[in-house]
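Asker: coords-v1.cif is reproduced in full below (mmCIF, C-alpha atoms).
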data_work
loop_
_atom_site.label_atom_id
_atom_site.label_comp_id
_atom_site.auth_asym_id
_atom_site.auth_seq_id
_atom_site.Cartn_x
_atom_site.Cartn_y
_atom_site.Cartn_z
CA MET A 1 -138.65 -138.99 177.76
CA LEU A 2 -139.99 -135.44 177.42
CA ALA A 3 -139.80 -134.67 181.13
CA ALA A 4 -136.26 -133.30 180.91
CA PRO A 5 -137.19 -129.91 179.34
CA LEU A 6 -139.21 -129.04 182.46
CA SER A 7 -135.93 -128.73 184.37
CA VAL A 8 -135.33 -125.33 182.80
CA ALA A 9 -138.37 -124.06 184.66
CA ASP A 10 -136.41 -124.27 187.86
CA GLU A 11 -134.48 -121.14 186.80
CA LEU A 12 -136.89 -118.21 187.01
CA SER A 13 -136.30 -114.50 187.34
CA GLU A 14 -137.93 -112.48 190.10
CA THR A 15 -140.81 -111.70 187.73
CA GLY A 16 -141.37 -115.39 187.04
CA GLU A 17 -139.89 -115.34 183.53
CA PHE A 18 -137.61 -118.07 182.21
CA LEU A 19 -133.94 -117.27 182.33
CA ASP A 20 -133.25 -119.75 179.57
CA GLY A 21 -135.12 -121.70 176.93
CA VAL A 22 -134.91 -124.90 174.95
CA ALA A 23 -133.42 -124.84 171.45
CA ALA A 24 -133.92 -128.58 170.90
CA VAL A 25 -135.09 -131.67 172.77
CA VAL A 26 -132.65 -134.55 172.18
CA ASN A 27 -133.77 -137.92 173.56
CA GLU A 28 -133.90 -137.39 177.33
CA GLY A 29 -131.84 -134.17 177.21
CA VAL A 30 -131.97 -130.66 175.78
CA VAL A 31 -129.88 -128.09 173.95
CA LEU A 32 -130.40 -124.75 175.68
CA LYS A 33 -130.90 -121.52 173.78
CA SER A 34 -128.11 -119.93 175.83
CA ASN A 35 -125.64 -122.57 174.62
CA PHE A 36 -126.88 -122.12 171.06
CA ASN A 37 -126.43 -118.35 171.22
CA THR A 38 -122.97 -118.66 172.80
CA GLU A 39 -121.80 -121.08 170.09
CA LEU A 40 -123.31 -118.93 167.34
CA GLU A 41 -121.53 -115.79 168.58
CA SER A 42 -118.25 -117.68 168.99
CA ILE A 43 -118.37 -118.87 165.38
CA ARG A 44 -119.25 -115.38 164.15
CA LYS A 45 -116.32 -113.89 166.05
CA ARG A 46 -113.83 -116.46 164.73
CA ALA A 47 -115.07 -115.87 161.19
CA LEU A 48 -114.75 -112.10 161.65
CA ASP A 49 -111.21 -112.44 163.00
CA ALA A 50 -110.31 -114.69 160.03
CA GLN A 51 -112.14 -112.38 157.58
CA MET A 52 -114.18 -115.38 156.46
CA GLN A 53 -117.67 -115.12 154.98
CA LEU A 54 -120.17 -117.37 156.77
CA PRO A 55 -123.24 -118.97 155.17
CA PRO A 56 -126.58 -117.10 155.14
CA GLU A 57 -128.07 -116.63 158.60
CA ASP A 58 -130.72 -119.35 158.28
CA VAL A 59 -128.18 -121.89 157.05
CA LEU A 60 -125.66 -120.93 159.74
CA ARG A 61 -128.22 -121.23 162.53
CA GLU A 62 -129.25 -124.66 161.27
CA GLN A 63 -125.62 -125.83 161.10
CA VAL A 64 -124.82 -124.57 164.59
CA LEU A 65 -127.92 -126.18 166.09
CA GLU A 66 -127.12 -129.46 164.34
CA ARG A 67 -123.57 -129.37 165.71
CA LEU A 68 -124.93 -128.93 169.25
CA ILE A 69 -127.51 -131.68 168.74
CA LEU A 70 -124.76 -134.10 167.65
CA THR A 71 -122.67 -133.08 170.67
CA GLU A 72 -125.62 -133.80 172.97
CA ILE A 73 -126.20 -137.21 171.34
CA GLN A 74 -122.54 -138.12 171.77
CA MET A 75 -122.42 -136.93 175.39
CA GLN A 76 -125.53 -138.98 176.17
CA ARG A 77 -123.84 -142.01 174.60
CA ALA A 78 -120.65 -141.37 176.59
CA ASN A 79 -122.68 -141.10 179.79
CA ARG A 80 -124.43 -144.40 179.13
CA ILE A 81 -121.12 -146.27 178.91
CA GLY A 82 -119.56 -144.51 181.90
CA LEU A 83 -117.09 -142.27 180.06
CA THR A 84 -118.16 -138.88 181.39
CA SER A 85 -117.11 -139.64 184.95
CA GLN A 86 -113.54 -140.47 184.00
CA ILE A 87 -112.74 -136.98 182.65
CA SER A 88 -111.55 -135.64 185.99
CA ASP A 89 -110.62 -132.06 186.81
CA GLN A 90 -106.97 -133.09 186.59
CA VAL A 91 -107.45 -134.42 183.05
CA VAL A 92 -109.05 -131.11 182.08
CA ASN A 93 -106.29 -129.15 183.83
CA ASP A 94 -103.63 -131.13 181.95
CA ALA A 95 -105.31 -130.29 178.65
CA ILE A 96 -105.60 -126.62 179.62
CA GLY A 97 -101.92 -126.65 180.59
CA ARG A 98 -101.02 -127.85 177.08
CA ILE A 99 -103.19 -125.12 175.54
CA ALA A 100 -101.52 -122.50 177.76
CA ASP A 101 -98.06 -123.75 176.68
CA GLN A 102 -99.06 -123.55 173.02
CA ASN A 103 -100.11 -119.94 173.54
CA GLY A 104 -97.00 -119.04 175.51
CA VAL A 105 -98.80 -118.17 178.75
CA GLU A 106 -98.82 -119.57 182.27
CA PHE A 107 -101.70 -121.83 183.31
CA GLU A 108 -103.02 -119.29 185.82
CA ASP A 109 -102.93 -116.49 183.20
CA LEU A 110 -105.12 -118.32 180.69
CA PRO A 111 -108.50 -117.19 182.18
CA ALA A 112 -107.47 -113.55 181.78
CA MET A 113 -106.33 -114.15 178.21
CA LEU A 114 -109.67 -115.81 177.41
CA ALA A 115 -111.58 -112.98 179.06
CA LYS A 116 -109.87 -110.46 176.75
CA ASP A 117 -111.34 -112.43 173.86
CA GLY A 118 -114.76 -112.46 175.50
CA VAL A 119 -114.57 -116.16 176.40
CA SER A 120 -115.97 -117.36 179.73
CA TYR A 121 -113.44 -119.58 181.52
CA PRO A 122 -116.12 -121.87 183.09
CA LEU A 123 -117.73 -122.34 179.67
CA PHE A 124 -114.28 -122.95 178.16
CA ARG A 125 -113.62 -125.71 180.71
CA GLN A 126 -117.02 -127.25 180.09
CA SER A 127 -116.51 -127.22 176.32
CA LEU A 128 -113.04 -128.74 176.70
CA ARG A 129 -114.39 -131.47 179.00
CA GLU A 130 -117.01 -132.33 176.36
CA GLU A 131 -114.36 -132.38 173.63
CA LEU A 132 -112.11 -134.73 175.64
CA THR A 133 -115.06 -137.02 176.39
CA ILE A 134 -116.20 -137.15 172.77
CA ASN A 135 -112.65 -137.84 171.55
CA GLU A 136 -112.48 -140.82 173.90
CA LEU A 137 -115.90 -142.02 172.76
CA LYS A 138 -114.82 -141.86 169.11
CA GLY A 139 -111.66 -143.75 169.98
CA ILE A 140 -113.67 -146.58 171.50
CA GLU A 141 -116.52 -146.78 169.02
CA VAL A 142 -114.91 -145.67 165.75
CA THR A 143 -111.11 -145.67 165.67
CA ARG A 144 -110.52 -149.05 167.31
CA ASN A 145 -113.03 -150.69 164.94
CA ILE A 146 -111.33 -149.53 161.73
CA ARG A 147 -109.73 -152.54 160.09
CA VAL A 148 -106.64 -152.37 157.86
CA SER A 149 -105.95 -155.33 155.57
CA GLU A 150 -102.54 -156.74 154.65
CA ARG A 151 -103.28 -155.93 151.00
CA GLU A 152 -103.90 -152.28 151.88
CA ILE A 153 -100.62 -152.14 153.79
CA GLU A 154 -98.66 -153.75 150.96
CA GLN A 155 -100.13 -151.35 148.39
CA CYS A 156 -99.43 -148.40 150.67
CA ILE A 157 -95.76 -149.35 151.02
CA ILE A 158 -95.45 -149.65 147.24
CA ASP A 159 -97.13 -146.29 146.71
CA LEU A 160 -94.90 -144.55 149.23
CA GLU A 161 -91.59 -145.63 147.70
CA ASN A 162 -89.92 -142.38 146.58
CA ASN A 163 -93.28 -140.64 147.00
CA VAL A 164 -92.98 -136.86 147.13
CA VAL A 165 -96.01 -136.66 149.46
CA VAL A 166 -94.20 -138.49 152.26
CA ASN A 167 -91.27 -136.11 152.06
CA SER A 168 -93.32 -132.91 152.23
CA ASP A 169 -95.47 -130.99 154.71
CA TYR A 170 -98.86 -129.69 153.61
CA GLU A 171 -101.25 -127.05 154.87
CA LEU A 172 -104.63 -128.23 153.64
CA SER A 173 -108.28 -127.23 153.58
CA HIS A 174 -111.05 -129.70 152.84
CA ILE A 175 -114.63 -129.86 151.61
CA LEU A 176 -116.40 -133.15 152.26
CA LEU A 177 -119.82 -134.24 150.97
CA THR A 178 -121.11 -137.48 152.47
CA ILE A 179 -122.93 -140.19 150.55
CA SER A 180 -125.52 -142.03 152.60
CA GLU A 181 -125.25 -145.81 152.76
CA SER A 182 -128.79 -145.94 151.33
CA ALA A 183 -128.33 -143.23 148.66
CA SER A 184 -130.16 -143.86 145.39
CA ALA A 185 -128.59 -143.33 141.96
CA GLU A 186 -130.49 -140.04 141.68
CA GLN A 187 -129.25 -138.85 145.09
CA LEU A 188 -125.67 -139.79 144.18
CA ALA A 189 -125.93 -137.87 140.92
CA GLU A 190 -127.21 -134.82 142.83
CA ILE A 191 -124.28 -134.96 145.29
CA GLU A 192 -121.80 -135.31 142.41
CA ALA A 193 -123.40 -132.34 140.65
CA THR A 194 -123.12 -130.27 143.85
CA ALA A 195 -119.43 -131.17 144.17
CA GLN A 196 -118.78 -130.21 140.54
CA SER A 197 -120.63 -126.92 140.99
CA ILE A 198 -118.53 -126.12 144.09
CA TYR A 199 -115.35 -126.95 142.18
CA GLU A 200 -116.29 -124.71 139.26
CA ARG A 201 -117.06 -121.84 141.62
CA LEU A 202 -113.65 -122.34 143.23
CA LEU A 203 -112.00 -122.15 139.81
CA ASP A 204 -113.81 -118.82 139.38
CA ASN A 205 -112.03 -117.61 142.55
CA ALA A 206 -114.85 -118.16 145.03
CA ASP A 207 -113.63 -118.19 148.66
CA PHE A 208 -112.83 -121.78 149.63
CA ARG A 209 -113.52 -121.10 153.30
CA GLU A 210 -116.95 -119.68 152.54
CA LEU A 211 -117.95 -122.67 150.42
CA ALA A 212 -116.57 -125.10 153.03
CA ALA A 213 -118.62 -123.39 155.74
CA ARG A 214 -121.70 -123.51 153.51
CA TYR A 215 -121.51 -127.02 152.05
CA SER A 216 -118.91 -129.22 153.77
CA GLU A 217 -120.00 -131.91 156.20
CA GLY A 218 -116.49 -132.31 157.59
CA SER A 219 -115.72 -131.64 161.24
CA THR A 220 -113.92 -128.36 160.44
CA ALA A 221 -116.55 -126.96 158.06
CA LEU A 222 -117.38 -123.88 160.14
CA GLU A 223 -113.66 -123.17 160.45
CA GLY A 224 -113.43 -122.92 156.66
CA GLY A 225 -112.49 -126.58 156.25
CA SER A 226 -108.95 -126.00 157.55
CA LEU A 227 -106.96 -129.14 158.40
CA GLY A 228 -103.85 -127.15 159.34
CA TRP A 229 -100.31 -128.35 158.69
CA LEU A 230 -99.82 -132.11 158.21
CA ASN A 231 -96.53 -133.85 157.61
CA GLY A 232 -96.26 -136.47 154.90
CA GLN A 233 -96.70 -139.33 157.34
CA GLN A 234 -99.97 -137.80 158.59
CA ILE A 235 -101.55 -137.30 155.17
CA PRO A 236 -104.58 -139.62 154.88
CA SER A 237 -103.94 -142.33 152.30
CA ILE A 238 -107.01 -141.24 150.31
CA PHE A 239 -105.25 -137.92 149.61
CA THR A 240 -101.93 -139.39 148.48
CA GLU A 241 -102.67 -139.73 144.78
CA VAL A 242 -104.30 -136.32 144.34
CA LEU A 243 -101.41 -134.54 146.11
CA GLN A 244 -98.84 -135.72 143.57
CA ASP A 245 -97.40 -132.86 141.49
CA VAL A 246 -99.34 -130.09 143.24
CA LYS A 247 -98.23 -126.62 144.23
CA ALA A 248 -99.42 -124.09 146.79
CA GLY A 249 -102.80 -122.67 145.85
CA ASP A 250 -103.92 -125.69 143.81
CA ILE A 251 -107.42 -127.12 144.29
CA THR A 252 -108.09 -130.76 143.46
CA GLU A 253 -110.96 -131.85 141.28
CA PRO A 254 -113.71 -133.61 143.26
CA PHE A 255 -112.68 -137.20 143.97
CA ARG A 256 -114.72 -140.09 145.30
CA THR A 257 -114.11 -142.49 148.14
CA SER A 258 -116.51 -145.19 149.31
CA ASN A 259 -118.87 -142.91 151.22
CA SER A 260 -117.77 -139.36 150.41
CA ILE A 261 -116.72 -136.88 147.77
CA HIS A 262 -113.76 -134.63 148.59
CA ILE A 263 -112.25 -131.38 147.35
CA VAL A 264 -108.86 -130.41 148.78
CA LYS A 265 -107.06 -127.07 148.61
CA ILE A 266 -103.29 -126.92 149.08
CA ASP A 267 -102.90 -123.75 151.12
CA ASP A 268 -99.14 -124.19 151.37
CA LEU A 269 -96.45 -126.86 151.23
CA ARG A 270 -92.80 -127.26 152.09
CA SER A 271 -90.11 -129.91 151.96
CA ALA A 272 -89.73 -132.06 155.06
CA VAL A 273 -86.50 -133.49 156.40
CA GLU A 274 -86.55 -137.30 156.38
CA ARG A 275 -85.14 -138.91 159.51
CA SER A 276 -82.57 -141.64 159.11
CA GLU A 277 -82.71 -142.83 162.71
CA ILE A 278 -85.56 -143.09 165.18
CA ASN A 279 -85.91 -143.75 168.90
CA GLN A 280 -87.90 -146.90 169.54
CA SER A 281 -89.25 -148.70 172.57
CA LYS A 282 -90.28 -152.33 172.83
CA ILE A 283 -93.56 -152.19 174.76
CA ARG A 284 -96.23 -154.61 175.86
CA HIS A 285 -99.52 -153.55 177.40
CA ILE A 286 -102.89 -154.70 178.66
CA LEU A 287 -106.03 -152.70 177.82
CA ILE A 288 -109.40 -152.91 179.56
CA SER A 289 -112.06 -150.80 177.79
CA PRO A 290 -115.35 -149.60 179.27
CA ASN A 291 -118.48 -150.51 177.36
CA GLU A 292 -122.23 -150.81 177.93
CA ILE A 293 -121.67 -153.63 180.41
CA ILE A 294 -118.43 -152.52 182.11
CA ASP A 295 -118.32 -148.90 183.26
CA ASP A 296 -115.13 -146.89 183.60
CA ALA A 297 -114.64 -147.51 187.32
CA THR A 298 -115.08 -151.27 186.88
CA ALA A 299 -112.61 -151.32 183.97
CA LYS A 300 -109.99 -149.59 186.11
CA GLN A 301 -110.70 -151.91 189.04
CA ARG A 302 -110.26 -155.00 186.86
CA LEU A 303 -106.96 -153.73 185.51
CA SER A 304 -105.71 -152.92 189.02
CA LYS A 305 -106.47 -156.50 190.01
CA VAL A 306 -104.56 -157.80 186.97
CA LEU A 307 -101.58 -155.63 187.92
CA GLU A 308 -101.61 -157.00 191.45
CA GLU A 309 -101.68 -160.59 190.16
CA ILE A 310 -98.75 -159.93 187.80
CA ARG A 311 -96.72 -158.45 190.64
CA GLU A 312 -97.47 -161.57 192.66
CA GLY A 313 -96.09 -163.78 189.89
CA ALA A 314 -98.71 -164.11 187.15
CA ASP A 315 -97.35 -164.00 183.61
CA PHE A 316 -97.91 -160.64 181.89
CA GLY A 317 -98.27 -162.21 178.43
CA GLU A 318 -100.83 -164.78 179.56
CA GLN A 319 -102.87 -162.13 181.32
CA ALA A 320 -102.84 -160.02 178.15
CA LYS A 321 -104.04 -162.98 176.05
CA LEU A 322 -106.87 -163.65 178.49
CA LEU A 323 -108.03 -160.13 179.31
CA SER A 324 -106.69 -157.41 177.00
CA ASP A 325 -109.24 -155.63 174.79
CA ASP A 326 -106.62 -154.60 172.24
CA PRO A 327 -107.38 -156.85 169.24
CA GLY A 328 -104.02 -156.08 167.64
CA SER A 329 -101.80 -157.17 170.53
CA ALA A 330 -103.80 -159.43 172.87
CA ASN A 331 -102.90 -162.68 171.08
CA LEU A 332 -99.25 -161.59 171.12
CA GLY A 333 -99.26 -161.30 174.88
CA GLY A 334 -99.76 -157.54 174.65
CA ASP A 335 -96.58 -157.08 172.61
CA LEU A 336 -96.62 -153.90 170.47
CA GLY A 337 -93.20 -154.62 169.01
CA TRP A 338 -90.55 -151.97 168.45
CA SER A 339 -92.32 -148.63 168.05
CA GLU A 340 -91.86 -144.88 168.21
CA THR A 341 -93.83 -143.61 171.17
CA SER A 342 -95.06 -140.71 169.02
CA ILE A 343 -97.52 -143.03 167.27
CA PHE A 344 -99.48 -143.61 170.48
CA ALA A 345 -102.13 -141.56 172.25
CA PRO A 346 -100.56 -138.67 174.26
CA GLU A 347 -101.21 -140.34 177.63
CA PHE A 348 -99.75 -143.64 176.43
CA LYS A 349 -96.72 -141.85 174.98
CA ALA A 350 -96.12 -139.99 178.26
CA ALA A 351 -96.41 -143.18 180.32
CA ALA A 352 -94.06 -145.09 178.01
CA GLU A 353 -91.41 -142.38 178.02
CA ALA A 354 -91.54 -141.99 181.81
CA ALA A 355 -91.49 -145.73 182.56
CA GLU A 356 -88.38 -147.43 183.86
CA LEU A 357 -87.22 -150.46 181.90
CA GLU A 358 -88.95 -153.71 182.92
CA VAL A 359 -91.14 -151.91 185.49
CA ILE A 360 -94.91 -152.14 184.94
CA THR A 361 -96.73 -148.82 185.20
CA GLU A 362 -99.71 -148.04 187.35
CA PRO A 363 -103.04 -148.03 185.45
CA PHE A 364 -103.55 -144.94 183.28
CA ARG A 365 -106.32 -143.77 180.97
CA THR A 366 -106.41 -143.01 177.22
CA GLN A 367 -109.30 -142.60 174.81
CA PHE A 368 -109.32 -146.39 174.34
CA GLY A 369 -109.64 -147.34 178.01
CA TRP A 370 -107.38 -148.26 180.95
CA HIS A 371 -103.82 -149.50 180.30
CA ILE A 372 -100.83 -150.87 182.08
CA LEU A 373 -97.60 -151.13 180.11
CA GLU A 374 -94.05 -152.39 180.42
CA VAL A 375 -91.15 -150.99 178.43
CA MET A 376 -88.96 -154.02 177.84
CA ASP A 377 -86.15 -152.24 175.96
CA ARG A 378 -85.21 -149.05 174.10
CA ARG A 379 -82.98 -148.44 171.09
CA VAL A 380 -81.98 -146.00 168.36
CA TYR A 381 -82.87 -147.65 165.08
CA ASP A 382 -82.66 -146.96 161.36
CA ASN A 383 -86.04 -146.64 159.65
CA THR A 384 -87.14 -150.07 158.42
CA GLU A 385 -89.94 -151.86 156.58
CA GLU A 386 -91.56 -152.42 159.97
CA ILE A 387 -91.80 -148.66 160.54
CA LYS A 388 -93.04 -148.11 157.00
CA GLU A 389 -95.76 -150.66 157.66
CA ARG A 390 -96.78 -149.03 160.93
CA ASN A 391 -96.87 -145.61 159.29
CA CYS A 392 -99.03 -147.03 156.52
CA ILE A 393 -101.50 -148.35 159.09
CA VAL A 394 -101.73 -144.88 160.61
CA ARG A 395 -102.21 -143.33 157.16
CA ILE A 396 -104.87 -145.81 156.09
CA ARG A 397 -106.74 -145.41 159.37
CA GLY A 398 -106.56 -141.65 158.97
CA GLY A 399 -108.02 -141.93 155.50
CA LYS A 400 -110.96 -143.97 156.76
CA GLN A 401 -111.55 -142.25 160.07
CA GLU A 402 -113.55 -139.19 159.01
CA GLU A 403 -115.87 -141.21 156.78
CA GLU A 404 -116.40 -143.82 159.49
CA THR A 405 -117.02 -141.10 162.08
CA LEU A 406 -119.61 -139.43 159.86
CA LEU A 407 -121.42 -142.72 159.27
CA TRP A 408 -121.36 -143.44 163.01
CA LEU A 409 -122.81 -140.00 163.77
CA GLN A 410 -125.41 -140.41 161.05
CA ARG A 411 -126.59 -143.71 162.52
CA MET A 412 -126.87 -142.25 166.04
CA ARG A 413 -128.64 -139.15 164.67
CA ASP A 414 -131.16 -141.31 162.79
CA GLU A 415 -131.90 -143.32 165.94
CA ALA A 416 -132.32 -140.27 168.20
CA PHE A 417 -135.51 -138.42 169.03
CA VAL A 418 -134.94 -134.76 168.16
CA SER A 419 -137.43 -131.91 168.32
CA THR A 420 -136.12 -128.45 167.44
CA ARG A 421 -137.70 -125.40 169.06
CA ILE A 422 -136.09 -122.51 167.18
#
Once more with this new file: its structure as structure tokens, please.
Answerer:
Amino acid sequence: MLAAPLSVADELSETGEFLDGVAAVVNEGVVLKSNFNTELESIRKRALDAQMQLPPEDVLREQVLERLILTEIQMQRANRIGLTSQISDQVVNDAIGRIADQNGVEFEDLPAMLAKDGVSYPLFRQSLREELTINELKGIEVTRNIRVSEREIEQCIIDLENNVVVNSDYELSHILLTISESASAEQLAEIEATAQSIYERLLDNADFRELAARYSEGSTALEGGSLGWLNGQQIPSIFTEVLQDVKAGDITEPFRTSNSIHIVKIDDLRSAVERSEINQSKIRHILISPNEIIDDATAKQRLSKVLEEIREGADFGEQAKLLSDDPGSANLGGDLGWSETSIFAPEFKAAAEAAELEVITEPFRTQFGWHILEVMDRRVYDNTEEIKERNCIVRIRGGKQEEETLLWLQRMRDEAFVSTRI
């Protein structure tokens, strides 16, 4: 298992010195010092541009190394289940194209724009490929396993009736302290005391971004805890109650969920326009997901065979019941009901909007696996209880997702062999 670090010895200068070094050994892989230094400088530059104070140097270095260790663990996991091979150059190019559009530049001009900011285009592509892979891995191993009960949905619908949160947009920042599944009463009391101390410092006008970077265990900690703008339908259900009757600049008292303590700052808010009509599509699909037994290529091959059988006369619904890995729709013959395509993964949304009515698509890939879909009908429809229910599912999942992701990462981290070298 420790043989992997010797691979860096292959890169020697003319004097026989190493061109790179090992920052950490992670299972059968390594985190290179060059990657560590690049990530550290990138975070420092972003903080400088945002005029944000970072944690002390020793704390920052530890946080950056831990972030890279977790990335390596996740990439190793993705490789074991065959995910890394499915992020093709075209998938990366499509993502880069979206980034270029968001920045108002042409695809071919993006490398020059990155170079002006001191960003290497090859490293940018590599980082983006890792991000896409990890997002797909989380979709398979975390998001799809989050369960939402009927009671939770019913309570959500009740809570959202005439709720000001739903009808507003929020720009939020977030500090998250995790509570281990095995935490003792003393450890819990210590975490609660830390959260209260952070809150009191914030009331004394301490910089929220600085404290988020120092203490938060959320995914955006080193970006000052920023969650950006979220519309009311995107607000995690765990935030709904604390966002009642708030104004821009407010900071919530620490509040507890099952495995975390949260502090939220309302950076800004604005009224949102509620839609009275929505475009819906009636869609059914079949999903084949890669796992430890079925790799990505095999999953696609199986779905292609299913598509061929359907075109030769097999019943779509029966094939979905027999083979689909979507637990929410398989028993319904793959039927997703009447839905807005905006609730789906970007690739699924694009396929659904491009599909001709009653024509089954070719296999395509999302973070959950390989799909085929059929759009059976489209309509313009007034918002209904069905849509409220679907939105509640999205909200409840969103509220659970970060906690579940952190627990998932914690379990993988605990099981991994890690030896730091810096």
Asker: Report as JSON lines the residues of segment 171-221 of chain A within 12 Å of segment 61-73 of chain A, each with its shortest atom pair and distance in Å (one decimal), using all atoms listed in the file, ordered by chain and increasing residue number.
Answerer:
{"residue": "A:Ala213", "atom": "CA", "partner": "A:Gln63", "partner_atom": "CA", "distance": 9.1}
{"residue": "A:Arg214", "atom": "CA", "partner": "A:Gln63", "partner_atom": "CA", "distance": 8.9}
{"residue": "A:Tyr215", "atom": "CA", "partner": "A:Gln63", "partner_atom": "CA", "distance": 10.0}
{"residue": "A:Ser216", "atom": "CA", "partner": "A:Gln63", "partner_atom": "CA", "distance": 10.5}
{"residue": "A:Glu217", "atom": "CA", "partner": "A:Gln63", "partner_atom": "CA", "distance": 9.6}
{"residue": "A:Gly218", "atom": "CA", "partner": "A:Arg67", "partner_atom": "CA", "distance": 11.2}
{"residue": "A:Ser219", "atom": "CA", "partner": "A:Arg67", "partner_atom": "CA", "distance": 9.3}
{"residue": "A:Thr220", "atom": "CA", "partner": "A:Arg67", "partner_atom": "CA", "distance": 11.0}
{"residue": "A:Ala221", "atom": "CA", "partner": "A:Gln63", "partner_atom": "CA", "distance": 9.6}
Asker: One decimal, in Å: what's the spacing between atom CA of Arg209 of chain A and atom CA of Ile179 of chain A?
Answerer: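 One can read the atom CA of Arg209 of chain A to atom CA of Ile179 of chain A distance as 21.5 Å.
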Asker: Determine the nearest neighbour of Asn231 of chain A from the options A:Val165, A:Ala47, A:Ile266, A:Ala248, counting all atoms listed in the file.
Answerer: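 Of all the options, A:Val165 lies closest to Asn231 of chain A.
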Asker: Name the closest residue to Pro254 of chain A among the candidates A:Glu192, A:Glu106, A:Glu403, A:Glu150; distances are taken between atoms, counting only C-alpha atoms.
Answerer: A:Glu192
Asker: What's the separation between atom CA of Leu287 of chain A and atom CA of Val375 of chain A, in Å to one decimal place?
Answerer: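 Straight-line distance from atom CA of Leu287 of chain A to atom CA of Val375 of chain A works out to 15.0 Å.
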Asker: Pick from A:Val359, A:Ala350, A:Ile191, A:Ile286: nearest to Asp335 of chain A, with all atoms listed in the file counted?
Answerer: A:Ile286
Asker: Which residues come within 6 Å of Ala330 of chain A, counting only C-alpha atoms, excluding same-chain residues fewer than 4 positions away, as a list in words?
Answerer: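 Neighbouring residues, sequence-local ones excluded: Ala320, Lys321, Ser324, Asp326 and Gly334 of chain A.
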Asker: A:Ala206, A:Val166, A:Ile263, A:Ile396: which is nearest Met52 of chain A, counting only C-alpha atoms?
Answerer: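 Closest to Met52 of chain A, using only C-alpha atoms: A:Ala206.
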Asker: What would the selection look like, as a tab-separated table (two decimals) with C-alpha atoms, in the frame of the given file, if the PyMOL selection byres ((chain A and resi 340) around 12) were run on the coordinates I just shared?
Answerer:
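Generated file (expr.tsv):
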chain	number	residue	atom	x	y	z
A	277	GLU	CA	-82.71	-142.83	162.71
A	278	ILE	CA	-85.56	-143.09	165.18
A	279	ASN	CA	-85.91	-143.75	168.90
A	280	GLN	CA	-87.90	-146.90	169.54
A	281	SER	CA	-89.25	-148.70	172.57
A	282	LYS	CA	-90.28	-152.33	172.83
A	283	ILE	CA	-93.56	-152.19	174.76
A	336	LEU	CA	-96.62	-153.90	170.47
A	337	GLY	CA	-93.20	-154.62	169.01
A	338	TRP	CA	-90.55	-151.97	168.45
A	339	SER	CA	-92.32	-148.63	168.05
A	341	THR	CA	-93.83	-143.61	171.17
A	342	SER	CA	-95.06	-140.71	169.02
A	343	ILE	CA	-97.52	-143.03	167.27
A	344	PHE	CA	-99.48	-143.61	170.48
A	345	ALA	CA	-102.13	-141.56	172.25
A	348	PHE	CA	-99.75	-143.64	176.43
A	349	LYS	CA	-96.72	-141.85	174.98
A	350	ALA	CA	-96.12	-139.99	178.26
A	352	ALA	CA	-94.06	-145.09	178.01
A	353	GLU	CA	-91.41	-142.38	178.02
A	375	VAL	CA	-91.15	-150.99	178.43
A	378	ARG	CA	-85.21	-149.05	174.10
A	379	ARG	CA	-82.98	-148.44	171.09
A	380	VAL	CA	-81.98	-146.00	168.36
A	381	TYR	CA	-82.87	-147.65	165.08
A	382	ASP	CA	-82.66	-146.96	161.36
A	383	ASN	CA	-86.04	-146.64	159.65
A	386	GLU	CA	-91.56	-152.42	159.97
A	387	ILE	CA	-91.80	-148.66	160.54
A	388	LYS	CA	-93.04	-148.11	157.00
A	390	ARG	CA	-96.78	-149.03	160.93
A	391	ASN	CA	-96.87	-145.61	159.29
